file input35.pdb (PDB, C-alpha atoms)
MODEL        1
ATOM      1  CA  MET A1137      49.584 130.078  60.886
ATOM      2  CA  ASP A1138      51.996 127.149  60.497
ATOM      3  CA  LYS A1139      53.467 127.915  63.903
ATOM      4  CA  ILE A1140      50.036 127.710  65.500
ATOM      5  CA  LEU A1141      49.259 124.387  63.816
ATOM      6  CA  GLU A1142      52.617 123.056  64.939
ATOM      7  CA  LEU A1143      51.979 124.273  68.492
ATOM      8  CA  ASN A1144      48.492 122.776  68.462
ATOM      9  CA  LYS A1145      49.879 119.433  67.319
ATOM     10  CA  VAL A1146      52.598 119.283  69.959
ATOM     11  CA  LEU A1147      50.116 120.214  72.701
ATOM     12  CA  ASP A1148      47.770 117.432  71.571
ATOM     13  CA  GLU A1149      50.657 114.989  71.632
ATOM     14  CA  GLU A1150      51.718 116.136  75.093
ATOM     15  CA  ILE A1151      48.182 115.812  76.479
ATOM     16  CA  LYS A1152      47.796 112.334  75.026
ATOM     17  CA  PHE A1153      51.094 111.271  76.497
ATOM     18  CA  CYS A1154      50.330 112.816  79.903
ATOM     19  CA  GLU A1155      47.193 110.668  80.073
ATOM     20  CA  LYS A1156      49.262 107.528  79.475
ATOM     21  CA  PHE A1157      51.919 108.630  81.928
ATOM     22  CA  GLU A1158      49.340 109.299  84.642
ATOM     23  CA  GLU A1159      47.855 105.834  84.090
ATOM     24  CA  LEU A1160      51.300 104.262  84.341
ATOM     25  CA  LEU A1161      51.949 105.999  87.662
ATOM     26  CA  LEU A1162      48.546 104.937  88.994
ATOM     27  CA  GLN A1163      49.354 101.335  88.100
ATOM     28  CA  LYS A1164      52.666 101.609  89.959
ATOM     29  CA  LYS A1165      50.820 102.987  92.987
ATOM     30  CA  GLU A1166      48.495  99.975  92.925
ATOM     31  CA  LEU A1167      51.461  97.599  92.723
ATOM     32  CA  LEU A1168      52.974  99.266  95.776
ATOM     33  CA  ILE A1169      49.707  99.090  97.685
ATOM     34  CA  HIS A1170      49.302  95.395  96.895
ATOM     35  CA  SER A1171      52.996  94.613  97.545
ATOM     36  CA  LYS A1172      53.757  93.256  94.101
ATOM     37  CA  ALA A1173      57.448  94.108  94.154
ATOM     38  CA  ASN A1174      58.315  91.625  91.412
ATOM     39  CA  LYS A1175      56.442  93.758  88.846
ATOM     40  CA  LEU A1176      57.787  97.099  90.078
ATOM     41  CA  ARG A1177      61.065  96.786  88.179
ATOM     42  CA  GLU A1178      59.208  96.511  84.882
ATOM     43  CA  PHE A1179      57.088  99.557  85.716
ATOM     44  CA  ASP A1180      60.104 101.568  86.808
ATOM     45  CA  ASP A1181      61.742 100.892  83.439
ATOM     46  CA  ARG A1182      58.577 101.939  81.621
ATOM     47  CA  ILE A1183      58.249 105.057  83.772
ATOM     48  CA  TYR A1184      61.864 106.009  83.120
ATOM     49  CA  GLU A1185      61.303 105.743  79.362
ATOM     50  CA  ALA A1186      58.047 107.694  79.654
ATOM     51  CA  GLN A1187      59.812 110.463  81.559
ATOM     52  CA  LYS A1188      62.375 110.744  78.779
ATOM     53  CA  LYS A1189      59.576 110.995  76.211
ATOM     54  CA  LEU A1190      57.764 113.612  78.308
ATOM     55  CA  ARG A1191      60.954 115.705  78.504
ATOM     56  CA  GLU A1192      61.310 115.461  74.706
ATOM     57  CA  LEU A1193      57.724 116.618  74.209
ATOM     58  CA  ASN A1194      58.285 119.508  76.581
ATOM     59  CA  GLU A1195      61.466 120.502  74.742
ATOM     60  CA  ASN A1196      59.582 120.377  71.426
ATOM     61  CA  ARG A1197      56.911 122.677  72.833
ATOM     62  CA  ILE A1198      59.579 125.097  74.066
ATOM     63  CA  LYS A1199      61.233 125.142  70.619
ATOM     64  CA  ILE A1200      57.915 125.937  68.980
ATOM     65  CA  THR A1201      57.059 128.678  71.482
ATOM     66  CA  GLN A1202      60.472 130.239  70.796
ATOM     67  CA  LYS A1203      59.377 130.754  67.202
ATOM     68  CA  PHE A1204      56.774 133.214  68.536
ATOM     69  CA  GLY A1205      59.340 135.382  70.314
ATOM     70  CA  ASN A1206      62.396 134.756  72.392
ATOM     71  CA  GLU A1207      63.382 131.706  74.421
ATOM     72  CA  ARG A1208      61.425 132.931  77.450
ATOM     73  CA  THR A1209      58.124 133.325  75.645
ATOM     74  CA  LYS A1210      55.389 131.639  77.638
ATOM     75  CA  LEU A1211      52.520 129.723  76.124
ATOM     76  CA  SER A1212      50.046 131.943  77.982
ATOM     77  CA  ASP A1213      51.632 135.043  76.386
ATOM     78  CA  ILE A1214      51.329 133.511  72.931
ATOM     79  CA  ILE A1215      47.666 132.721  73.567
ATOM     80  CA  LYS A1216      46.956 136.309  74.721
ATOM     81  CA  GLU A1217      48.485 137.727  71.543
ATOM     82  CA  LEU A1218      46.476 135.556  69.132
ATOM     83  CA  GLU A1219      43.896 137.394  67.060
ATOM     84  CA  ASP A1220      41.718 134.345  66.400
ATOM     85  CA  GLN A1221      39.792 133.947  69.646
ATOM     86  CA  ASN A1222      38.653 130.408  68.836
ATOM     87  CA  THR A1223      42.218 129.252  68.375
ATOM     88  CA  ALA A1224      43.269 131.142  71.505
ATOM     89  CA  LYS A1225      40.512 129.479  73.521
ATOM     90  CA  GLU A1226      41.412 126.035  72.175
ATOM     91  CA  LEU A1227      45.102 126.494  72.997
ATOM     92  CA  ASP A1228      44.271 127.839  76.455
ATOM     93  CA  ILE A1229      42.157 124.766  77.202
ATOM     94  CA  LYS A1230      45.053 122.547  76.172
ATOM     95  CA  ARG A1231      47.475 124.579  78.268
ATOM     96  CA  LYS A1232      45.223 124.166  81.311
ATOM     97  CA  LYS A1233      44.888 120.415  80.684
ATOM     98  CA  ILE A1234      48.664 120.075  80.696
ATOM     99  CA  GLN A1235      48.851 122.046  83.945
ATOM    100  CA  ILE A1236      46.236 119.782  85.525
ATOM    101  CA  PHE A1237      48.126 116.685  84.413
ATOM    102  CA  ALA A1238      51.334 118.116  85.867
ATOM    103  CA  GLN A1239      49.579 118.669  89.207
ATOM    104  CA  LYS A1240      48.057 115.176  89.183
ATOM    105  CA  ILE A1241      51.397 113.578  88.332
ATOM    106  CA  THR A1242      53.073 115.493  91.160
ATOM    107  CA  ILE A1243      50.456 114.295  93.640
ATOM    108  CA  ILE A1244      50.687 110.687  92.443
ATOM    109  CA  ASN A1245      54.488 110.826  92.759
ATOM    110  CA  LYS A1246      54.155 112.085  96.341
ATOM    111  CA  VAL A1247      51.813 109.198  97.148
ATOM    112  CA  ILE A1248      54.211 106.706  95.534
ATOM    113  CA  ASN A1249      57.113 108.120  97.545
ATOM    114  CA  ALA A1250      55.084 107.860 100.764
ATOM    115  CA  LEU A1251      54.168 104.252  99.952
ATOM    116  CA  ILE A1252      57.807 103.385  99.287
ATOM    117  CA  GLU A1253      58.875 105.062 102.528
ATOM    118  CA  HIS A1254      56.193 103.128 104.424
ATOM    119  CA  SER A1255      57.292  99.860 102.809
ATOM    120  CA  LEU A1256      60.891 100.503 103.813
ATOM    121  CA  LYS A1257      59.812 101.172 107.408
ATOM    122  CA  MET A1258      57.840  97.919 107.412
ATOM    123  CA  ILE A1259      60.837  95.985 106.072
ATOM    124  CA  ASP A1260      63.099  97.624 108.642
ATOM    125  CA  GLY A1261      60.669  96.652 111.421
ATOM    126  CA  SER A1262      60.493  93.071 110.153
ATOM    127  CA  ILE A1263      64.270  92.766 110.033
ATOM    128  CA  LEU A1264      64.555  94.199 113.541
ATOM    129  CA  SER A1265      61.930  91.744 114.835
ATOM    130  CA  ILE A1266      63.718  88.793 113.233
ATOM    131  CA  ALA A1267      67.075  89.935 114.607
ATOM    132  CA  ASN A1268      65.629  90.340 118.106
ATOM    133  CA  ALA A1269      63.995  86.905 117.966
ATOM    134  CA  MET A1270      67.250  85.328 116.819
ATOM    135  CA  ALA A1271      69.215  87.112 119.527
ATOM    136  CA  GLN A1272      66.851  85.853 122.230
ATOM    137  CA  ALA A1273      66.990  82.297 120.907
ATOM    138  CA  GLN A1274      70.775  82.338 120.840
ATOM    139  CA  SER A1275      72.426  81.031 123.969
ATOM    140  CA  LYS A1276      75.664  82.551 125.169
ATOM    141  CA  ASP A1277      77.241  79.121 124.644
ATOM    142  CA  ASP A1278      76.297  79.132 120.943
ATOM    143  CA  TYR A1279      78.778  80.167 118.285
ATOM    144  CA  TYR A1280      79.170  79.985 114.521
ATOM    145  CA  ASN A1281      82.179  78.342 112.908
ATOM    146  CA  ILE A1282      83.958  79.630 109.816
ATOM    147  CA  HIS A1283      81.409  77.838 107.592
ATOM    148  CA  GLY A1284      78.469  79.612 109.230
ATOM    149  CA  GLU A1285      77.323  76.485 111.086
ATOM    150  CA  LYS A1286      75.888  76.916 114.542
ATOM    151  CA  HIS A1287      77.621  75.027 117.374
ATOM    152  CA  ARG A1288      77.285  74.931 121.128
ATOM    153  CA  HIS A1289      80.026  74.649 123.709
ATOM    154  CA  GLU A1290      79.365  71.374 125.455
ATOM    155  CA  GLY A1291      80.482  70.453 128.963
ATOM    156  CA  SER A1292      80.876  72.375 132.116
ATOM    157  CA  THR A1293      82.652  75.647 132.440
ATOM    158  CA  LEU A1294      83.888  75.095 135.954
ATOM    159  CA  SER A1295      87.352  76.307 136.621
ATOM    160  CA  ALA A1296      90.182  73.923 137.386
ATOM    161  CA  ILE A1297      90.359  75.170 140.977
ATOM    162  CA  ILE A1298      86.759  74.186 141.701
ATOM    163  CA  GLU A1299      87.230  70.796 140.027
ATOM    164  CA  ASP A1300      90.204  70.023 142.284
ATOM    165  CA  ALA A1301      88.330  70.904 145.486
TER     166      ALA A1301
ENDMDL
END

call {"tool": "encode", "arguments": {"input": "input35.pdb", "output": "structure tokens"}}
result
Amino acid sequence: MDKILELNKVLDEEIKFCEKFEELLLQKKELLIHSKANKLREFDDRIYEAQKKLRELNENRIKITQKFGNERTKLSDIIKELEDQNTAKELDIKRKKIQIFAQKITIINKVINALIEHSLKMIDGSILSIANAMAQAQSKDDYYNIHGEKHRHEGSTLSAIIEDA
């Protein structure tokens, strides 16, 4: 029975953490939508730490499930083998909650990746527009010196032969 209590506890902890992790990802999505890039770095650091914690929780759950059989024992198999149907039902509900969170997190990550890709395309388009505008404004007589200062060739470009004639 200690194994079941331990499993129950780790599942509760994982569910609780998944809720927080989902909220963190939703906040990042909102920052991307509203173009608040200055706050993204902070969220990325928090997400990275949360991912580490989520991996640890998952590893803890795997260690506990191994106590019920071998290292490939699935949570659903453990639940099927339980004699206490109330406990089995409770664990199955928790297992399904974790699966739902995993699906939600996957979808949110796909949306975040699409938003980042879109942002990069917008930045690329802006840079291209600026470069094209600068190229059109630049005269062929303009040049930049070694200090990056813009200069223009002054005077005529007539050849010496035409000047003599």

call {"tool": "residues_around", "arguments": {"input": "input35.pdb", "residues": "A:Gln1163", "least_positions_apart": "6", "cutoff": "12 Å", "atoms": "all atoms listed in the file", "output": "ChimeraX atom specification"}}
result
/A:1156-1157,1169-1170,1172,1175-1176,1178-1180,1182-1183,1244-1245,1248

call {"tool": "residues_near_point", "arguments": {"input": "input35.pdb", "point": "(56.6, 133.9, 69.6)", "cutoff": "12 Å", "atoms": "only C-alpha atoms", "output": "PyMOL selection string"}}
result
chain A and resi 1137+1139-1140+1143+1197-1218

call {"tool": "atom_distance", "arguments": {"input": "input35.pdb", "atom1": "atom CA of A:Lys1164", "atom2": "atom CA of A:Ala1238"}}
result
17.1 Å

call {"tool": "atom_distance", "arguments": {"input": "input35.pdb", "atom1": "atom CA of A:Asn1194", "atom2": "atom CA of A:Leu1168"}}
result
28.4 Å

call {"tool": "closest_residue", "arguments": {"input": "input35.pdb", "among": "A:Val1247, A:Leu1167, A:Leu1264, A:Arg1231", "to": "A:Asp1148", "atoms": "all atoms listed in the file"}}
result
A:Arg1231

call {"tool": "residues_around", "arguments": {"input": "input35.pdb", "residues": "A:Leu1190", "least_positions_apart": "6", "cutoff": "8 Å", "atoms": "all atoms listed in the file", "output": "ChimeraX atom specification"}}
result
/A:1150,1153-1154

call {"tool": "closest_residue", "arguments": {"input": "input35.pdb", "among": "A:Ala1224, A:Leu1251, A:Leu1193, A:Leu1160", "to": "A:Asp1181", "atoms": "all atoms listed in the file"}}
result
A:Leu1160
